[in-house]
Amino acid sequence: MSIADFWRVYRAAIRRKWLLAAVVGSTMAVVGVGCLVLPRYYRATALVMPSDETLQRSVISRSAPGSAQPVYDPQVREERLANLIYLAQSQVVITRAAQSLRLNEPLQGLARRVAVDTLPQTAILRITALDKDRQRSISLANAMAQSFADFYHELSHREAVSNRIFLERELDSALRDLGKAQDRLASYRASDGGAGVAIDATEEAISPAEKERDATEAELRETSARLEAARSRLVQEQPTVLTEEGTTDNPAVTKLQIDLADLEGKLAAQRAIHTDRHPDVIALRAQIDDLRRRLSTEMQRVVKHRTIARNPLYAHLSSQVADLEAGKMALQARLEAMNRMVERERGLYSRASSRGVELAALTRDYRIAEDTYRRLKAAVDQARIDEKVTSGTGAIQVVDLARSAQGPVTKGPSPWQLLALGFVLSVALALGLVVTLDVLDDRVHTTDDLMRHISLPVTGIIPGMAGVTARELPLITHVSPGSPYAEAYRFLRTDLLFTCKEQPLQTLCVVTPKPGQGGTTTVSNLAISLAEAERSVILVDCDLRRPSLHRIFGVSNEVGLTSVLTDGTTLADALQETEVPNLRLLAAGPQAHNPSNLINSNRMRAVMAELRENADFVLIDTPSAIAFSDAAIIASMTDGALMVVRARQPLRGSQLQVTSLLNKARANVIGAVLNDVAPESVDTFYFHSHYYTPQMPGGEWAVQALPAAQPRSSPAPPTERGPIPAPSASAAADADVAAEVDSAFDAQN
């Protein structure tokens with residue numbers, strides 16, 4: 001998972017934190033209820049102890065003939081202890097325990113409630129039984145212990161008797177073999193006639209010759225190894241050498257090369273009969289390394305010239321090969337002579353001792369039979385001891401019966417472990433659900449979602465304004481200048497001013513794909529922000545069907561854009577001052593019968609040109625672009641268009657349709673404003689609280705109270721960033737119209 005994926009999951013989890021909490025909470029509740037309804041068991045424990053003979057029966061040593069001393073192996077003890085644990089929970093023992101208690105429960109279920117292990121650092125077996133009934137768990141543990149002791153007593157006694165009978169039979173057979181070997185040896189010695197003495201004398205004569213022959217063979221192997229090493233070195237050398245940057249008449253270099261070749265030959269011979277760790281091999285390696293260092297030093301001192309001469313190392317190796325070949329031939333001849341002498345003496349020995357060899361074979365057979373008899377005799381004695389032990393008190397003793405039971409306890413994981421596992425799984429499940437819903441969710445939550453759907457740069461992010469009424473929203477920048485909401489519109493203003501440095505944007509219309517996106521609120525606050533930056537701003541209400549800007553700023557709608565377009569009213573007479581300095585409003589005017597024709601007229605284009613001459617910025621509010629063509633027509637007349645999209649609403653293709661329509665109208669769409677974003681997702685809203693507190697100047701975010709808005713015929717004198725005062729009284733009919741417009745404005749914004 002990349003960092004971007006992590007933050008996407010994090011934002012999705014924050015947006016759906018209540019869903020995350022609901023999934024985790026419901027899962028933990030289910031796990032908690034499950035822990036409460038899990039079956040409770042009582043645990044009872046009985047202890048049994050095997051005898052030393054059971055754990056480690058003596059094994060007769062075979063290291064010395066006739067020895068009957070037992071040898072104890074720790075590994076054998078551990079293996080027997082593991083076998084006892086397996087037997088204690090075998091089907092036979094469980095069946096006997098169930099029969100003694102008259103239980104009708106299946107053996108598989110009973111086996112799952114019985115466990116056998118050892119006490120730490122002891123050979124005592126602990127038999128633990130679980131049962132929902134306290135008394136029944138105690139009875140089950142005791143029955144298992146007693147059944148195991150009885151079963152092993154029968155098993156071990158039968159084994160001991162069978163083992164003793166088998167060993168006694170083998171002992172009788174070995175005794176008969178020993179008697180036969182003894183009779184043959186005694187009979188042969190009676191008819192020997194002193195052959196044994198002659199054999200001993202002949203062996204003493206042969207022994208030195210064999211030793212000398214063995215020494216000759218070893219010397220021959222060494223000489224052969226040195227010869228092979230010298231031959232391999234000789235193949236690598238050339239008879240003559242070209243000495244570059246050196247001399248050939250340096251006696252020190254020549255001597256060192258000869259000594260080095262000699263030592264390398266000795267090293268090869270030693271490695272043929274010894275390993276690399278042998279002291280002689282290590283000493284030769286050290287001498288060779290020392291000679292190589294000295295040779296390198298001497299080579300650096302030679303006189304610099306080039307010459308061709310006979311290779312002294314080749315000559316030395318040739319001489320060494322010749323000497324070794326001669327020595328090898330001599331050793332081979334000597335070895336052949338020694339072999340003939342040993343064979344001759346062996347022939348004499350064989351002719352003189354044919355009866356002695358037979359005597360030696362009979363003696364060996366007798367000793368083997370005697371050793372076998374002694375070992376079997378010791379094994380029979382031990383088997384008889386084991387039989388007595390098993391026929392007495394038994395190999396397994398019940399040392400402590402269960403008298404009480406612990407509990408109630410749960411079988412398997414503890415409740416805390418189940419709760420921890422449930423929490424981890426619930427969080428994983430909740431995150432998976434959140435990610436799945438986020439993938440399936442086609443609503444716009446972030447700027448990335450908006451750019452991915454409409455391919456427009458996001459020029460502003462407006463946080464959702466909780467606790468602010470629909471009438472106060474369009475004036476939030478004026479009535480609450482210290483709020484983060486006002487700061488968001490100032491960011492939009494700053495982005496617009498920077499864009500003006502790259503392209504002329506004197507006239508700008510605000511377009512919404514569908515009703516209720518907050519376009520009127522955005523254009524009103526943007527106009528107020530530009531006016532606060534000391535720019536001359538004219539705000540034009542081109543929503544001729546449901547105008548609302550005159551109600552927002554508390555001016556009359558008797559004269560407006562329709563008056564200029566149809567009745568010949570001048571623009572100067574139609575513009576009205578507002579409470580915001582540098583901001584004038586051109587209201588929609590009386591309702592027209594065909595607003596689209598008025599908008600798409602030459603007179604409208606002339607009015608647009610005249611508006612440019614009277615202000616630094618002309619901001620135009622338009623109706624929904626998906627419902628009426630007015631927005632696309634006006635966008636084609638202005639320098640730029642700004643699309644407003646409300647967050648947390650599904651995209652149903654209207655945004656893409658409006659974008660395509662504006663492109664066909666050749667409108668310059670400079671970007672999009674994401675409106676009503678969740679405040680926790682807007683960094684400017686989050687960090688704004690670090691600078692302002694309600695106690696600081698400018699830190700009071702509460703919206704100043706607005707008086708009841710009523711239409712008026714002439715504007716009051718403007719006040720700097722103060723609340724908009726109540727307009728002058730008008731007719732009762734105007735009040736009804738005001739209420740109707742307010743409700744329509746609430747529905748749209």
# chains A, B, ... in the order shown; residues from 1 in each chain; ligands from 1
call {"tool": "residues_around", "arguments": {"residues": "Arg545 (chain A)", "least_positions_apart": "4", "cutoff": "8 Å", "atoms": "only C-alpha atoms", "output": "MDAnalysis selection string"}}
result
chainID A and resid 591:592 595
call {"tool": "select_by_dssp", "arguments": {"residues": "region 487-562 of chain A", "states": "alpha helix (DSSP H)", "output": "ChimeraX atom specification"}}
result
/A:487-502,519-532,549-553,561-562
call {"tool": "write_last_selection", "arguments": {"atoms": "C-alpha atoms", "output": "JSON list (two decimals), in the first residue's frame"}}
result
[["chain", "number", "residue", "atom", "x", "y", "z"],
["A", 487, "GLU", "CA", -11.08, 33.10, 4.76],
["A", 488, "ALA", "CA", -12.00, 30.37, 2.28],
["A", 489, "TYR", "CA", -13.58, 32.95, -0.04],
["A", 490, "ARG", "CA", -10.47, 35.14, 0.33],
["A", 491, "PHE", "CA", -8.42, 32.18, -0.89],
["A", 492, "LEU", "CA", -10.75, 32.01, -3.91],
["A", 493, "ARG", "CA", -10.27, 35.76, -4.47],
["A", 494, "THR", "CA", -6.48, 35.40, -4.27],
["A", 495, "ASP", "CA", -6.52, 32.58, -6.81],
["A", 496, "LEU", "CA", -8.63, 34.73, -9.14],
["A", 497, "LEU", "CA", -6.28, 37.72, -8.82],
["A", 498, "PHE", "CA", -3.26, 35.54, -9.59],
["A", 499, "THR", "CA", -5.08, 34.15, -12.63],
["A", 500, "CYS", "CA", -5.73, 37.72, -13.80],
["A", 501, "LYS", "CA", -1.97, 38.22, -14.12],
["A", 502, "GLU", "CA", -1.84, 35.43, -16.70],
["A", 519, "GLY", "CA", -23.54, 29.38, -7.03],
["A", 520, "THR", "CA", -25.34, 32.48, -5.71],
["A", 521, "THR", "CA", -23.60, 32.19, -2.35],
["A", 522, "THR", "CA", -20.22, 31.84, -4.07],
["A", 523, "VAL", "CA", -20.64, 34.79, -6.42],
["A", 524, "SER", "CA", -21.92, 37.04, -3.60],
["A", 525, "ASN", "CA", -19.04, 36.30, -1.25],
["A", 526, "LEU", "CA", -16.49, 36.49, -4.07],
["A", 527, "ALA", "CA", -17.85, 39.93, -4.99],
["A", 528, "ILE", "CA", -17.63, 41.06, -1.35],
["A", 529, "SER", "CA", -14.04, 39.74, -1.09],
["A", 530, "LEU", "CA", -12.97, 41.63, -4.24],
["A", 531, "ALA", "CA", -14.66, 44.79, -2.99],
["A", 532, "GLU", "CA", -12.83, 44.48, 0.33],
["A", 549, "LEU", "CA", -29.41, 38.94, -5.24],
["A", 550, "HIS", "CA", -31.67, 41.92, -4.57],
["A", 551, "ARG", "CA", -33.05, 40.14, -1.54],
["A", 552, "ILE", "CA", -29.58, 39.23, -0.29],
["A", 553, "PHE", "CA", -28.30, 42.81, -0.41],
["A", 561, "LEU", "CA", -31.20, 44.11, -16.14],
["A", 562, "THR", "CA", -34.54, 43.48, -17.86]]
call {"tool": "closest_residue", "arguments": {"among": "A:Ser100, A:Leu38, A:Arg334, A:Thr45", "to": "Asp214 (chain A)", "atoms": "only C-alpha atoms"}}
result
A:Arg334
call {"tool": "closest_residue", "arguments": {"among": "A:Ser455, A:Ile670, A:Leu431, A:Leu440", "to": "Ile14 (chain A)", "atoms": "only C-alpha atoms"}}
result
A:Leu431
call {"tool": "closest_residue", "arguments": {"among": "A:Pro279, A:Pro513, A:Gly640, A:Gly265", "to": "Glu228 (chain A)", "atoms": "only C-alpha atoms"}}
result
A:Gly265
call {"tool": "closest_residue", "arguments": {"among": "A:Thr507, A:Ser629, A:Gln417, A:Ser319", "to": "Ala641 (chain A)", "atoms": "only C-alpha atoms"}}
result
A:Thr507
call {"tool": "residues_around", "arguments": {"residues": "region 23-27 of chain A", "least_positions_apart": "3", "cutoff": "12 Å", "atoms": "only C-alpha atoms", "output": "MDAnalysis selection string"}}
result
chainID A and resid 13 16:20 30:34 418:434
call {"tool": "residues_around", "arguments": {"residues": "Thr570 (chain A)", "least_positions_apart": "2", "cutoff": "12 Å", "atoms": "only C-alpha atoms", "output": "ChimeraX atom specification"}}
result
/A:559-568,572-575,586,603,606-607,610-611
call {"tool": "residues_around", "arguments": {"residues": "Ser636 (chain A)", "least_positions_apart": "6", "cutoff": "9 Å", "atoms": "only C-alpha atoms", "output": "number ranges by chain"}}
result
A: 662, 665-668
call {"tool": "select_by_dssp", "arguments": {"residues": "region 27-179 of chain A", "states": "strand (DSSP E or B)", "output": "list in words"}}
result
Arg40, Tyr41, Tyr42, Arg43, Ala44, Thr45, Ala46, Leu47, Val48, Met49, Pro50, Val59, Ile60, Pro70, Val71, Val114, Ala115, Val116, Asp117, Thr118, Leu125, Arg126, Ile127, Thr128, Ala129, Leu130 and Asp131 of chain A
call {"tool": "write_last_selection", "arguments": {"atoms": "N, CA and C atoms", "output": "PDB file, in the first residue's frame"}}
result
ATOM      1  N   ARG A  40     -19.331 -23.157  30.327  1.00  0.00           N
ATOM      2  CA  ARG A  40     -18.359 -23.069  31.412  1.00  0.00           C
ATOM      3  C   ARG A  40     -18.043 -24.476  31.901  1.00  0.00           C
ATOM      4  N   TYR A  41     -16.778 -24.705  32.170  1.00  0.00           N
ATOM      5  CA  TYR A  41     -16.320 -26.012  32.611  1.00  0.00           C
ATOM      6  C   TYR A  41     -15.623 -25.886  33.957  1.00  0.00           C
ATOM      7  N   TYR A  42     -15.592 -27.034  34.656  1.00  0.00           N
ATOM      8  CA  TYR A  42     -14.819 -27.150  35.887  1.00  0.00           C
ATOM      9  C   TYR A  42     -13.614 -28.040  35.601  1.00  0.00           C
ATOM     10  N   ARG A  43     -12.454 -27.657  36.139  1.00  0.00           N
ATOM     11  CA  ARG A  43     -11.204 -28.348  35.864  1.00  0.00           C
ATOM     12  C   ARG A  43     -10.730 -29.057  37.132  1.00  0.00           C
ATOM     13  N   ALA A  44     -10.517 -30.389  37.023  1.00  0.00           N
ATOM     14  CA  ALA A  44      -9.991 -31.186  38.135  1.00  0.00           C
ATOM     15  C   ALA A  44      -8.710 -31.874  37.669  1.00  0.00           C
ATOM     16  N   THR A  45      -7.756 -32.060  38.600  1.00  0.00           N
ATOM     17  CA  THR A  45      -6.436 -32.585  38.257  1.00  0.00           C
ATOM     18  C   THR A  45      -6.047 -33.693  39.219  1.00  0.00           C
ATOM     19  N   ALA A  46      -5.547 -34.798  38.653  1.00  0.00           N
ATOM     20  CA  ALA A  46      -4.981 -35.902  39.425  1.00  0.00           C
ATOM     21  C   ALA A  46      -3.540 -36.106  38.981  1.00  0.00           C
ATOM     22  N   LEU A  47      -2.682 -36.544  39.950  1.00  0.00           N
ATOM     23  CA  LEU A  47      -1.255 -36.702  39.673  1.00  0.00           C
ATOM     24  C   LEU A  47      -0.858 -38.165  39.798  1.00  0.00           C
ATOM     25  N   VAL A  48      -0.067 -38.646  38.838  1.00  0.00           N
ATOM     26  CA  VAL A  48       0.501 -39.996  38.884  1.00  0.00           C
ATOM     27  C   VAL A  48       2.001 -39.875  38.644  1.00  0.00           C
ATOM     28  N   MET A  49       2.762 -40.811  39.224  1.00  0.00           N
ATOM     29  CA  MET A  49       4.220 -40.750  39.112  1.00  0.00           C
ATOM     30  C   MET A  49       4.755 -42.103  38.664  1.00  0.00           C
ATOM     31  N   PRO A  50       5.477 -42.178  37.555  1.00  0.00           N
ATOM     32  CA  PRO A  50       6.101 -43.434  37.126  1.00  0.00           C
ATOM     33  C   PRO A  50       7.370 -43.701  37.927  1.00  0.00           C
ATOM     34  N   VAL A  59      20.282 -50.337  30.547  1.00  0.00           N
ATOM     35  CA  VAL A  59      20.798 -50.894  29.307  1.00  0.00           C
ATOM     36  C   VAL A  59      22.192 -51.426  29.601  1.00  0.00           C
ATOM     37  N   ILE A  60      22.455 -52.738  29.359  1.00  0.00           N
ATOM     38  CA  ILE A  60      23.730 -53.347  29.705  1.00  0.00           C
ATOM     39  C   ILE A  60      24.816 -52.807  28.782  1.00  0.00           C
ATOM     40  N   PRO A  70      24.870 -51.325  34.382  1.00  0.00           N
ATOM     41  CA  PRO A  70      23.866 -50.645  33.563  1.00  0.00           C
ATOM     42  C   PRO A  70      24.303 -49.221  33.213  1.00  0.00           C
ATOM     43  N   VAL A  71      23.946 -48.759  32.013  1.00  0.00           N
ATOM     44  CA  VAL A  71      24.228 -47.402  31.560  1.00  0.00           C
ATOM     45  C   VAL A  71      22.895 -46.700  31.312  1.00  0.00           C
ATOM     46  N   VAL A 114     -10.051 -34.284  28.126  1.00  0.00           N
ATOM     47  CA  VAL A 114      -9.000 -34.847  28.974  1.00  0.00           C
ATOM     48  C   VAL A 114      -7.648 -34.449  28.393  1.00  0.00           C
ATOM     49  N   ALA A 115      -6.754 -33.962  29.236  1.00  0.00           N
ATOM     50  CA  ALA A 115      -5.406 -33.573  28.821  1.00  0.00           C
ATOM     51  C   ALA A 115      -4.399 -34.152  29.798  1.00  0.00           C
ATOM     52  N   VAL A 116      -3.235 -34.573  29.256  1.00  0.00           N
ATOM     53  CA  VAL A 116      -2.165 -35.140  30.071  1.00  0.00           C
ATOM     54  C   VAL A 116      -0.878 -34.405  29.732  1.00  0.00           C
ATOM     55  N   ASP A 117      -0.175 -33.928  30.759  1.00  0.00           N
ATOM     56  CA  ASP A 117       1.129 -33.302  30.582  1.00  0.00           C
ATOM     57  C   ASP A 117       1.958 -33.559  31.835  1.00  0.00           C
ATOM     58  N   THR A 118       3.135 -32.971  31.904  1.00  0.00           N
ATOM     59  CA  THR A 118       4.022 -33.157  33.056  1.00  0.00           C
ATOM     60  C   THR A 118       4.134 -31.869  33.837  1.00  0.00           C
ATOM     61  N   LEU A 125       3.162 -36.993  36.065  1.00  0.00           N
ATOM     62  CA  LEU A 125       2.149 -36.762  35.048  1.00  0.00           C
ATOM     63  C   LEU A 125       0.914 -36.118  35.676  1.00  0.00           C
ATOM     64  N   ARG A 126       0.414 -35.084  34.995  1.00  0.00           N
ATOM     65  CA  ARG A 126      -0.773 -34.372  35.463  1.00  0.00           C
ATOM     66  C   ARG A 126      -1.921 -34.682  34.511  1.00  0.00           C
ATOM     67  N   ILE A 127      -2.969 -35.315  35.048  1.00  0.00           N
ATOM     68  CA  ILE A 127      -4.154 -35.678  34.259  1.00  0.00           C
ATOM     69  C   ILE A 127      -5.265 -34.704  34.612  1.00  0.00           C
ATOM     70  N   THR A 128      -5.669 -33.885  33.616  1.00  0.00           N
ATOM     71  CA  THR A 128      -6.665 -32.835  33.816  1.00  0.00           C
ATOM     72  C   THR A 128      -7.940 -33.201  33.068  1.00  0.00           C
ATOM     73  N   ALA A 129      -9.081 -33.063  33.756  1.00  0.00           N
ATOM     74  CA  ALA A 129     -10.381 -33.375  33.163  1.00  0.00           C
ATOM     75  C   ALA A 129     -11.282 -32.153  33.261  1.00  0.00           C
ATOM     76  N   LEU A 130     -12.028 -31.877  32.179  1.00  0.00           N
ATOM     77  CA  LEU A 130     -12.986 -30.776  32.134  1.00  0.00           C
ATOM     78  C   LEU A 130     -14.395 -31.343  32.035  1.00  0.00           C
ATOM     79  N   ASP A 131     -15.310 -30.712  32.778  1.00  0.00           N
ATOM     80  CA  ASP A 131     -16.705 -31.119  32.696  1.00  0.00           C
ATOM     81  C   ASP A 131     -17.572 -29.966  33.193  1.00  0.00           C
TER      82      ASP A 131
END
call {"tool": "closest_residue", "arguments": {"among": "A:Glu387, A:Asp183, A:Ala4, A:Asn339", "to": "Glu53 (chain A)", "atoms": "only C-alpha atoms"}}
result
A:Glu387
call {"tool": "residues_around", "arguments": {"residues": "Tyr366 (chain A)", "least_positions_apart": "5", "cutoff": "7 Å", "atoms": "only C-alpha atoms", "output": "list in words"}}
result
Leu178, Ala181 and Gln182 of chain A
call {"tool": "write_last_selection", "arguments": {"atoms": "N, CA and C atoms", "output": "PDB file, in the first residue's frame"}}
result
ATOM      1  N   LEU A 178      28.956 -71.893  23.933  1.00  0.00           N
ATOM      2  CA  LEU A 178      30.205 -71.712  24.675  1.00  0.00           C
ATOM      3  C   LEU A 178      30.832 -73.059  25.014  1.00  0.00           C
ATOM      4  N   ALA A 181      32.510 -74.489  21.862  1.00  0.00           N
ATOM      5  CA  ALA A 181      33.757 -73.810  21.517  1.00  0.00           C
ATOM      6  C   ALA A 181      34.877 -74.198  22.466  1.00  0.00           C
ATOM      7  N   GLN A 182      34.534 -74.359  23.741  1.00  0.00           N
ATOM      8  CA  GLN A 182      35.552 -74.737  24.724  1.00  0.00           C
ATOM      9  C   GLN A 182      36.062 -76.159  24.463  1.00  0.00           C
TER      10      GLN A 182
END
call {"tool": "residues_around", "arguments": {"residues": "Arg443 (chain A)", "least_positions_apart": "3", "cutoff": "9 Å", "atoms": "only C-alpha atoms", "output": "VMD selection string"}}
result
chain A and resid 449 647 to 651
call {"tool": "atom_distance", "arguments": {"atom1": "CA of Gln257 (chain A)", "atom2": "CA of Leu295 (chain A)"}}
result
7.3 Å
